[in-house]
$ cat my_file_10.cif   # mmCIF, C-alpha atoms
data_protein
loop_
_atom_site.label_atom_id
_atom_site.label_comp_id
_atom_site.auth_asym_id
_atom_site.auth_seq_id
_atom_site.Cartn_x
_atom_site.Cartn_y
_atom_site.Cartn_z
CA MET O 144 0.00 0.00 0.00
CA SER O 145 1.33 3.43 -0.89
CA SER O 146 2.18 6.10 1.65
CA ARG O 147 -0.62 8.22 0.15
CA SER O 148 -3.14 5.43 0.86
CA ASN O 149 -1.82 5.04 4.40
CA SER O 150 -2.19 8.77 4.97
CA ALA O 151 -5.73 8.74 3.61
CA ASN O 152 -6.70 5.81 5.84
CA LEU O 153 -5.20 7.49 8.89
CA THR O 154 -7.07 10.71 8.14
CA SER O 155 -10.30 8.76 7.68
CA ASP O 156 -9.79 6.94 11.00
CA LEU O 157 -9.07 10.18 12.87
CA VAL O 158 -12.14 11.85 11.42
CA THR O 159 -14.31 8.87 12.34
CA GLU O 160 -12.93 8.86 15.88
CA GLU O 161 -13.72 12.56 16.27
CA VAL O 162 -17.24 12.09 14.89
CA VAL O 163 -17.89 9.26 17.36
CA ARG O 164 -16.35 11.23 20.23
CA MET O 165 -18.59 14.22 19.60
CA ALA O 166 -21.61 11.95 19.15
CA ILE O 167 -20.94 10.51 22.61
CA ARG O 168 -20.62 14.03 24.00
CA GLN O 169 -23.95 14.98 22.41
CA ILE O 170 -25.64 11.97 24.01
CA ALA O 171 -24.50 13.25 27.42
CA VAL O 172 -25.65 16.79 26.58
CA GLU O 173 -29.11 15.67 25.50
CA ALA O 174 -29.57 13.36 28.50
CA SER O 175 -28.62 16.30 30.74
CA SER O 176 -31.28 18.40 29.03
CA VAL O 177 -33.91 15.72 29.63
CA LEU O 178 -33.16 15.60 33.37
CA ALA O 179 -33.15 19.40 33.73
CA ARG O 180 -36.45 19.74 31.88
CA ILE O 181 -38.22 17.11 33.97
CA SER O 182 -36.81 18.16 37.34
CA GLY O 183 -38.51 20.83 39.39
CA SER O 184 -35.69 20.95 41.93
CA PRO O 185 -33.66 24.19 42.06
CA VAL O 186 -30.52 22.26 43.01
CA ILE O 187 -30.71 20.77 39.51
CA THR O 188 -32.35 23.50 37.43
CA GLU O 189 -30.44 26.41 39.02
CA ALA O 190 -27.39 25.02 40.83
CA ASP O 191 -26.61 22.43 38.11
CA ASP O 192 -25.63 19.84 40.74
CA TYR O 193 -25.91 16.85 38.43
CA THR O 194 -23.95 15.07 35.75
CA VAL O 195 -24.35 12.58 32.91
CA ILE O 196 -21.42 10.35 31.93
CA VAL O 197 -21.15 7.78 29.16
CA PHE O 198 -19.18 4.62 29.98
CA SER O 199 -18.00 1.68 27.92
CA ALA O 200 -19.30 -1.83 28.58
CA LYS O 201 -16.20 -2.46 30.70
CA GLY O 202 -16.81 0.63 32.83
CA GLU O 203 -14.30 2.93 31.14
CA LEU O 204 -15.25 6.61 31.28
CA LEU O 205 -15.78 7.94 27.75
CA ASP O 206 -17.21 11.44 28.09
CA SER O 207 -19.26 13.86 30.17
CA ASP O 208 -20.61 17.29 29.37
CA ARG O 209 -20.44 18.70 32.92
CA SER O 210 -19.19 18.43 36.52
CA PRO O 211 -15.74 16.82 36.12
CA ALA O 212 -15.47 16.74 39.93
CA TYR O 213 -17.82 13.75 39.93
CA THR O 214 -15.90 11.60 37.47
CA GLY O 215 -13.99 9.80 40.22
CA SER O 216 -17.07 8.83 42.22
CA ALA O 217 -18.90 7.98 38.98
CA THR O 218 -16.17 5.60 37.87
CA GLN O 219 -16.14 3.93 41.29
CA ALA O 220 -19.93 3.62 41.12
CA VAL O 221 -19.96 1.93 37.71
CA GLN O 222 -17.13 -0.43 38.71
CA THR O 223 -19.02 -1.31 41.89
CA PHE O 224 -22.18 -1.89 39.87
CA LEU O 225 -20.36 -4.18 37.43
CA ALA O 226 -18.70 -6.14 40.24
CA GLU O 227 -22.08 -6.79 41.84
CA PHE O 228 -24.35 -7.25 38.82
CA GLY O 229 -22.02 -7.81 35.88
CA ASP O 230 -22.49 -11.58 35.78
CA GLY O 231 -25.92 -11.64 34.14
CA GLY O 232 -27.53 -9.35 36.71
CA PHE O 233 -28.87 -6.76 34.29
CA ALA O 234 -30.66 -6.65 30.95
CA GLU O 235 -31.98 -4.21 28.39
CA GLY O 236 -34.45 -1.73 29.86
CA ASP O 237 -33.04 -1.94 33.41
CA VAL O 238 -32.08 1.09 35.49
CA PHE O 239 -30.21 0.74 38.79
CA LEU O 240 -30.44 3.33 41.58
CA GLY O 241 -28.33 3.94 44.68
CA ASN O 242 -26.93 6.64 46.98
CA ASP O 243 -24.84 4.91 49.67
CA PRO O 244 -21.44 6.61 50.09
CA HIS O 245 -20.16 3.46 51.81
CA SER O 246 -20.93 1.11 48.91
CA THR O 247 -22.06 2.81 45.68
CA GLY O 248 -19.37 5.48 45.43
CA ALA O 249 -21.67 8.43 46.09
CA MET O 250 -19.85 11.46 47.53
CA HIS O 251 -22.60 11.82 50.12
CA ALA O 252 -26.11 10.43 50.60
CA ASN O 253 -27.79 13.33 48.80
CA ASP O 254 -26.09 12.22 45.58
CA PHE O 255 -28.50 9.78 43.95
CA GLN O 256 -26.94 7.74 41.14
CA THR O 257 -28.42 5.74 38.28
CA VAL O 258 -26.70 3.27 35.97
CA THR O 259 -28.49 2.30 32.76
CA PRO O 260 -26.89 -0.55 30.76
CA VAL O 261 -26.97 -0.21 26.97
CA PHE O 262 -27.56 -3.24 24.76
CA LEU O 263 -27.29 -4.04 21.05
CA ASP O 264 -28.29 -7.47 19.73
CA GLY O 265 -28.10 -8.95 23.21
CA HIS O 266 -24.62 -7.57 23.95
CA CYS O 267 -23.88 -4.88 26.52
CA VAL O 268 -22.16 -2.01 24.69
CA GLY O 269 -22.02 0.66 27.38
CA HIS O 270 -23.63 2.36 30.35
CA ILE O 271 -25.25 5.74 30.96
CA TYR O 272 -24.48 7.10 34.44
CA LEU O 273 -26.35 9.96 36.12
CA HIS O 274 -25.77 11.74 39.40
CA ALA O 275 -28.21 14.26 40.86
CA HIS O 276 -28.32 15.93 44.26
CA MET O 277 -31.62 15.41 46.12
CA LEU O 278 -33.00 18.23 48.26
CA ASP O 279 -33.73 15.94 51.22
CA VAL O 280 -32.79 12.33 52.00
CA GLY O 281 -34.02 12.02 55.57
CA GLY O 282 -31.74 12.02 58.60
CA ILE O 283 -31.89 14.16 61.70
CA VAL O 284 -32.11 17.54 59.94
CA PRO O 285 -33.93 18.76 56.81
CA GLY O 286 -31.78 18.61 53.71
CA GLY O 287 -29.77 15.60 54.87
CA TRP O 288 -26.82 17.58 56.26
CA GLY O 289 -26.75 15.74 59.59
CA VAL O 290 -23.81 17.53 61.20
CA GLY O 291 -24.90 16.43 64.66
CA ALA O 292 -25.17 12.76 63.72
CA THR O 293 -22.93 10.39 65.65
CA ASP O 294 -22.86 7.68 62.96
CA CYS O 295 -23.87 7.10 59.35
CA TYR O 296 -27.31 5.84 60.40
CA GLY O 297 -28.22 9.25 61.72
CA GLU O 298 -26.99 11.17 58.72
CA ALA O 299 -29.44 10.19 56.00
CA PHE O 300 -31.24 7.38 54.20
CA ARG O 301 -28.76 5.12 52.39
CA MET O 302 -29.48 2.65 49.61
CA PRO O 303 -27.13 0.25 47.79
CA PHE O 304 -27.62 -0.25 44.07
CA VAL O 305 -31.05 -1.78 43.45
CA LYS O 306 -32.97 -2.41 40.24
CA TYR O 307 -35.32 0.58 40.14
CA VAL O 308 -36.53 -0.24 36.63
CA GLU O 309 -36.74 -3.76 35.21
CA ALA O 310 -37.41 -4.16 31.48
CA GLY O 311 -38.88 -0.66 31.42
CA LYS O 312 -41.18 -1.12 34.45
CA VAL O 313 -40.64 0.86 37.67
CA ASN O 314 -40.28 -1.11 40.89
CA THR O 315 -43.06 0.50 42.92
CA THR O 316 -41.82 -1.11 46.15
CA VAL O 317 -38.51 0.76 45.91
CA GLN O 318 -40.45 3.89 44.91
CA ARG O 319 -42.56 3.68 48.08
CA ILE O 320 -39.48 3.15 50.25
CA LEU O 321 -37.92 6.30 48.78
CA ALA O 322 -41.07 8.33 49.40
CA LYS O 323 -41.14 7.28 53.06
CA ASN O 324 -37.53 8.37 53.66
CA THR O 325 -37.64 12.00 52.55
CA ARG O 326 -39.41 15.12 53.69
CA LEU O 327 -40.02 16.07 50.05
CA PRO O 328 -41.36 12.90 48.41
CA GLU O 329 -42.94 14.56 45.38
CA ILE O 330 -39.76 16.43 44.46
CA MET O 331 -37.50 13.43 45.05
CA LEU O 332 -39.65 11.04 43.01
CA ASN O 333 -39.89 13.57 40.20
CA ASP O 334 -36.10 13.96 40.13
CA VAL O 335 -35.61 10.19 40.18
CA GLN O 336 -38.14 9.94 37.35
CA GLY O 337 -36.07 12.47 35.41
CA MET O 338 -32.89 10.48 36.02
CA MET O 339 -34.60 7.29 34.85
CA VAL O 340 -36.00 8.85 31.68
CA ALA O 341 -32.70 10.60 30.87
CA GLY O 342 -30.75 7.35 31.35
CA LEU O 343 -33.09 5.38 29.10
CA ALA O 344 -33.04 8.13 26.47
CA GLY O 345 -29.25 8.18 26.52
CA ALA O 346 -29.18 4.39 26.27
CA ARG O 347 -31.36 4.44 23.15
CA GLN O 348 -29.10 7.01 21.51
CA LEU O 349 -25.90 5.18 22.42
CA GLY O 350 -27.35 1.93 21.12
CA ALA O 351 -28.17 3.65 17.82
CA LEU O 352 -24.64 5.04 17.60
CA VAL O 353 -23.08 1.61 18.12
CA ALA O 354 -25.45 0.10 15.54
CA ARG O 355 -24.40 2.73 13.01
CA TYR O 356 -20.74 1.64 13.13
CA GLY O 357 -21.11 -1.94 14.27
CA ARG O 358 -20.20 -3.23 17.71
CA GLU O 359 -16.66 -4.36 16.88
CA ARG O 360 -15.70 -1.16 15.08
CA TYR O 361 -17.24 1.01 17.77
CA GLU O 362 -15.30 -0.81 20.49
CA ALA O 363 -12.09 -0.41 18.48
CA ILE O 364 -12.77 3.33 18.07
CA ILE O 365 -13.39 4.00 21.75
#

$ encode --input "my_file_10.cif" --output "structure tokens"
Amino acid sequence: MSSRSNSANLTSDLVTEEVVRMAIRQIAVEASSVLARISGSPVITEADDYTVIVFSAKGELLDSDRSPAYTGSATQAVQTFLAEFGDGGFAEGDVFLGNDPHSTGAMHANDFQTVTPVFLDGHCVGHIYLHAHMLDVGGIVPGGWGVGATDCYGEAFRMPFVKYVEAGKVNTTVQRILAKNTRLPEIMLNDVQGMMVAGLAGARQLGALVARYGRERYEAII
């Protein structure tokens, strides 16, 4: 093959990589917009205390459009999720929810996290991760900032990763438990609903992106 052909192939590969990279960024941007539009919480709509991050199937961080301070806890969360559920514990249409700083990687209990696996032809091709700060998560004081607590049980409600959505259907038992452990159940459930919808929307878009290039080529690109 001539040097000119090699140069053309390299240029083509670099362009394709950049197109895929920016497509992944746009998926994060649009999922962020979905959450912000659904949420009625000022900590999300005004303070922007949330993030959306796209991960590979192996839990490698690919891109995020905001809040780089949360990338460390997000990566720990996805790795924890994969260690616990990676052996056949999730399927298409599932969304997992947690907020326990001692197990899920959350920076504090107010940081609710969702992980939405992405599938194409039965294969996991990535994950959409969301973090959003909740206005109240129980504990001894409103807002969840339990400064006077003497242990983690007095600080706030804590939940390990659980399957909040299974095959597109919300687990109403988990939903009721959440509502009973916050002073602002309507706001919390609405924010969690926004996280769920944003994660599923991002998963659909990422699945379409992988389908466009093919799973093997996409994995080679990323």

$ closest_residue --input "my_file_10.cif" --among "O:Asp237, O:Asp206, O:Asp192, O:Asp156" --to "Ala310 of chain O" --atoms "only C-alpha atoms"
O:Asp237

$ residues_around --input "my_file_10.cif" --residues "Ser175 of chain O" --least-positions-apart "2" --cutoff "12 Å" --atoms "all atoms listed in the file" --output "MDAnalysis selection string"
chainID O and resid 168:173 177:182 187:188 191:197 207:210 271:275 337:345

$ resolve_selection --input "my_file_10.cif" --expression "the PyMOL selection byres ((chain O and resi 326) around 8)" --output "list of chain:residue names"
O:Asp279, O:Val280, O:Gly281, O:Pro285, O:Asn324, O:Thr325, O:Leu327, O:Pro328

$ residues_around --input "my_file_10.cif" --residues "segment 300-309 of chain O" --least-positions-apart "6" --cutoff "8 Å" --atoms "all atoms listed in the file" --output "count of residues only"
21

$ closest_residue --input "my_file_10.cif" --among "O:Leu204, O:Glu359, O:Leu352, O:Gly269" --to "Val162 of chain O" --atoms "only C-alpha atoms"
O:Leu352

$ residues_around --input "my_file_10.cif" --residues "Val221 of chain O" --least-positions-apart "2" --cutoff "9 Å" --atoms "only C-alpha atoms" --output "CSV table (one decimal) with C-alpha atoms, in the coordinates of the input"
chain,number,residue,atom,x,y,z
O,198,PHE,CA,-19.2,4.6,30.0
O,202,GLY,CA,-16.8,0.6,32.8
O,203,GLU,CA,-14.3,2.9,31.1
O,216,SER,CA,-17.1,8.8,42.2
O,217,ALA,CA,-18.9,8.0,39.0
O,218,THR,CA,-16.2,5.6,37.9
O,219,GLN,CA,-16.1,3.9,41.3
O,223,THR,CA,-19.0,-1.3,41.9
O,224,PHE,CA,-22.2,-1.9,39.9
O,225,LEU,CA,-20.4,-4.2,37.4
O,226,ALA,CA,-18.7,-6.1,40.2
O,247,THR,CA,-22.1,2.8,45.7
O,248,GLY,CA,-19.4,5.5,45.4
O,258,VAL,CA,-26.7,3.3,36.0
O,270,HIS,CA,-23.6,2.4,30.4
O,272,TYR,CA,-24.5,7.1,34.4

$ closest_residue --input "my_file_10.cif" --among "O:Leu332, O:Ser199, O:Gly229, O:Leu205" --to "Arg319 of chain O" --atoms "all atoms listed in the file"
O:Leu332

$ atom_distance --input "my_file_10.cif" --atom1 "atom CA of Glu329 of chain O" --atom2 "atom CA of Met277 of chain O"
11.4 Å

$ atom_distance --input "my_file_10.cif" --atom1 "atom CA of Glu189 of chain O" --atom2 "atom CA of Ala249 of chain O"
21.2 Å

$ atom_distance --input "my_file_10.cif" --atom1 "atom CA of Phe262 of chain O" --atom2 "atom CA of Ala220 of chain O"
19.3 Å

$ closest_residue --input "my_file_10.cif" --among "O:Gly357, O:Pro185, O:Gly287, O:Gly297" --to "Ile330 of chain O" --atoms "all atoms listed in the file"
O:Pro185

$ resolve_selection --input "my_file_10.cif" --expression "the PyMOL selection byres ((chain O and resi 358) around 12)" --output "list in words"
Ser199, Ala200, Val261, Phe262, Leu263, Asp264, Gly265, His266, Cys267, Val268, Gly269, Leu349, Gly350, Ala351, Leu352, Val353, Ala354, Arg355, Tyr356, Gly357, Glu359, Arg360, Tyr361, Glu362, Ala363, Ile364 and Ile365 of chain O

$ closest_residue --input "my_file_10.cif" --among "O:Lys201, O:Met165, O:Asp334, O:Thr159" --to "Leu321 of chain O" --atoms "all atoms listed in the file"
O:Asp334

$ decode --input "my_file_10.cif" --residues "segment 178-326 of chain O" --atoms "C-alpha atoms" --output "compact mmCIF listing (two decimals), in the first residue's frame"
# COMPACT_ATOMS: atom_id res chain seq x y z
CA LEU O 178 -33.16 15.60 33.37
CA ALA O 179 -33.15 19.40 33.73
CA ARG O 180 -36.45 19.74 31.88
CA ILE O 181 -38.22 17.11 33.97
CA SER O 182 -36.81 18.16 37.34
CA GLY O 183 -38.51 20.83 39.39
CA SER O 184 -35.69 20.95 41.93
CA PRO O 185 -33.66 24.19 42.06
CA VAL O 186 -30.52 22.26 43.01
CA ILE O 187 -30.71 20.77 39.51
CA THR O 188 -32.35 23.50 37.43
CA GLU O 189 -30.44 26.41 39.02
CA ALA O 190 -27.39 25.02 40.83
CA ASP O 191 -26.61 22.43 38.11
CA ASP O 192 -25.63 19.84 40.74
CA TYR O 193 -25.91 16.85 38.43
CA THR O 194 -23.95 15.07 35.75
CA VAL O 195 -24.35 12.58 32.91
CA ILE O 196 -21.42 10.35 31.93
CA VAL O 197 -21.15 7.78 29.16
CA PHE O 198 -19.18 4.62 29.98
CA SER O 199 -18.00 1.68 27.92
CA ALA O 200 -19.30 -1.83 28.58
CA LYS O 201 -16.20 -2.46 30.70
CA GLY O 202 -16.81 0.63 32.83
CA GLU O 203 -14.30 2.93 31.14
CA LEU O 204 -15.25 6.61 31.28
CA LEU O 205 -15.78 7.94 27.75
CA ASP O 206 -17.21 11.44 28.09
CA SER O 207 -19.26 13.86 30.17
CA ASP O 208 -20.61 17.29 29.37
CA ARG O 209 -20.44 18.70 32.92
CA SER O 210 -19.19 18.43 36.52
CA PRO O 211 -15.74 16.82 36.12
CA ALA O 212 -15.47 16.74 39.93
CA TYR O 213 -17.82 13.75 39.93
CA THR O 214 -15.90 11.60 37.47
CA GLY O 215 -13.99 9.80 40.22
CA SER O 216 -17.07 8.83 42.22
CA ALA O 217 -18.90 7.98 38.98
CA THR O 218 -16.17 5.60 37.87
CA GLN O 219 -16.14 3.93 41.29
CA ALA O 220 -19.93 3.62 41.12
CA VAL O 221 -19.96 1.93 37.71
CA GLN O 222 -17.13 -0.43 38.71
CA THR O 223 -19.02 -1.31 41.89
CA PHE O 224 -22.18 -1.89 39.87
CA LEU O 225 -20.36 -4.18 37.43
CA ALA O 226 -18.70 -6.14 40.24
CA GLU O 227 -22.08 -6.79 41.84
CA PHE O 228 -24.35 -7.25 38.82
CA GLY O 229 -22.02 -7.81 35.88
CA ASP O 230 -22.49 -11.58 35.78
CA GLY O 231 -25.92 -11.64 34.14
CA GLY O 232 -27.53 -9.35 36.71
CA PHE O 233 -28.87 -6.76 34.29
CA ALA O 234 -30.66 -6.65 30.95
CA GLU O 235 -31.98 -4.21 28.39
CA GLY O 236 -34.45 -1.73 29.86
CA ASP O 237 -33.04 -1.94 33.41
CA VAL O 238 -32.08 1.09 35.49
CA PHE O 239 -30.21 0.74 38.79
CA LEU O 240 -30.44 3.33 41.58
CA GLY O 241 -28.33 3.94 44.68
CA ASN O 242 -26.93 6.64 46.98
CA ASP O 243 -24.84 4.91 49.67
CA PRO O 244 -21.44 6.61 50.09
CA HIS O 245 -20.16 3.46 51.81
CA SER O 246 -20.93 1.11 48.91
CA THR O 247 -22.06 2.81 45.68
CA GLY O 248 -19.37 5.48 45.43
CA ALA O 249 -21.67 8.43 46.09
CA MET O 250 -19.85 11.46 47.53
CA HIS O 251 -22.60 11.82 50.12
CA ALA O 252 -26.11 10.43 50.60
CA ASN O 253 -27.79 13.33 48.80
CA ASP O 254 -26.09 12.22 45.58
CA PHE O 255 -28.50 9.78 43.95
CA GLN O 256 -26.94 7.74 41.14
CA THR O 257 -28.42 5.74 38.28
CA VAL O 258 -26.70 3.27 35.97
CA THR O 259 -28.49 2.30 32.76
CA PRO O 260 -26.89 -0.55 30.76
CA VAL O 261 -26.97 -0.21 26.97
CA PHE O 262 -27.56 -3.24 24.76
CA LEU O 263 -27.29 -4.04 21.05
CA ASP O 264 -28.29 -7.47 19.73
CA GLY O 265 -28.10 -8.95 23.21
CA HIS O 266 -24.62 -7.57 23.95
CA CYS O 267 -23.88 -4.88 26.52
CA VAL O 268 -22.16 -2.01 24.69
CA GLY O 269 -22.02 0.66 27.38
CA HIS O 270 -23.63 2.36 30.35
CA ILE O 271 -25.25 5.74 30.96
CA TYR O 272 -24.48 7.10 34.44
CA LEU O 273 -26.35 9.96 36.12
CA HIS O 274 -25.77 11.74 39.40
CA ALA O 275 -28.21 14.26 40.86
CA HIS O 276 -28.32 15.93 44.26
CA MET O 277 -31.62 15.41 46.12
CA LEU O 278 -33.00 18.23 48.26
CA ASP O 279 -33.73 15.94 51.22
CA VAL O 280 -32.79 12.33 52.00
CA GLY O 281 -34.02 12.02 55.57
CA GLY O 282 -31.74 12.02 58.60
CA ILE O 283 -31.89 14.16 61.70
CA VAL O 284 -32.11 17.54 59.94
CA PRO O 285 -33.93 18.76 56.81
CA GLY O 286 -31.78 18.61 53.71
CA GLY O 287 -29.77 15.60 54.87
CA TRP O 288 -26.82 17.58 56.26
CA GLY O 289 -26.75 15.74 59.59
CA VAL O 290 -23.81 17.53 61.20
CA GLY O 291 -24.90 16.43 64.66
CA ALA O 292 -25.17 12.76 63.72
CA THR O 293 -22.93 10.39 65.65
CA ASP O 294 -22.86 7.68 62.96
CA CYS O 295 -23.87 7.10 59.35
CA TYR O 296 -27.31 5.84 60.40
CA GLY O 297 -28.22 9.25 61.72
CA GLU O 298 -26.99 11.17 58.72
CA ALA O 299 -29.44 10.19 56.00
CA PHE O 300 -31.24 7.38 54.20
CA ARG O 301 -28.76 5.12 52.39
CA MET O 302 -29.48 2.65 49.61
CA PRO O 303 -27.13 0.25 47.79
CA PHE O 304 -27.62 -0.25 44.07
CA VAL O 305 -31.05 -1.78 43.45
CA LYS O 306 -32.97 -2.41 40.24
CA TYR O 307 -35.32 0.58 40.14
CA VAL O 308 -36.53 -0.24 36.63
CA GLU O 309 -36.74 -3.76 35.21
CA ALA O 310 -37.41 -4.16 31.48
CA GLY O 311 -38.88 -0.66 31.42
CA LYS O 312 -41.18 -1.12 34.45
CA VAL O 313 -40.64 0.86 37.67
CA ASN O 314 -40.28 -1.11 40.89
CA THR O 315 -43.06 0.50 42.92
CA THR O 316 -41.82 -1.11 46.15
CA VAL O 317 -38.51 0.76 45.91
CA GLN O 318 -40.45 3.89 44.91
CA ARG O 319 -42.56 3.68 48.08
CA ILE O 320 -39.48 3.15 50.25
CA LEU O 321 -37.92 6.30 48.78
CA ALA O 322 -41.07 8.33 49.40
CA LYS O 323 -41.14 7.28 53.06
CA ASN O 324 -37.53 8.37 53.66
CA THR O 325 -37.64 12.00 52.55
CA ARG O 326 -39.41 15.12 53.69
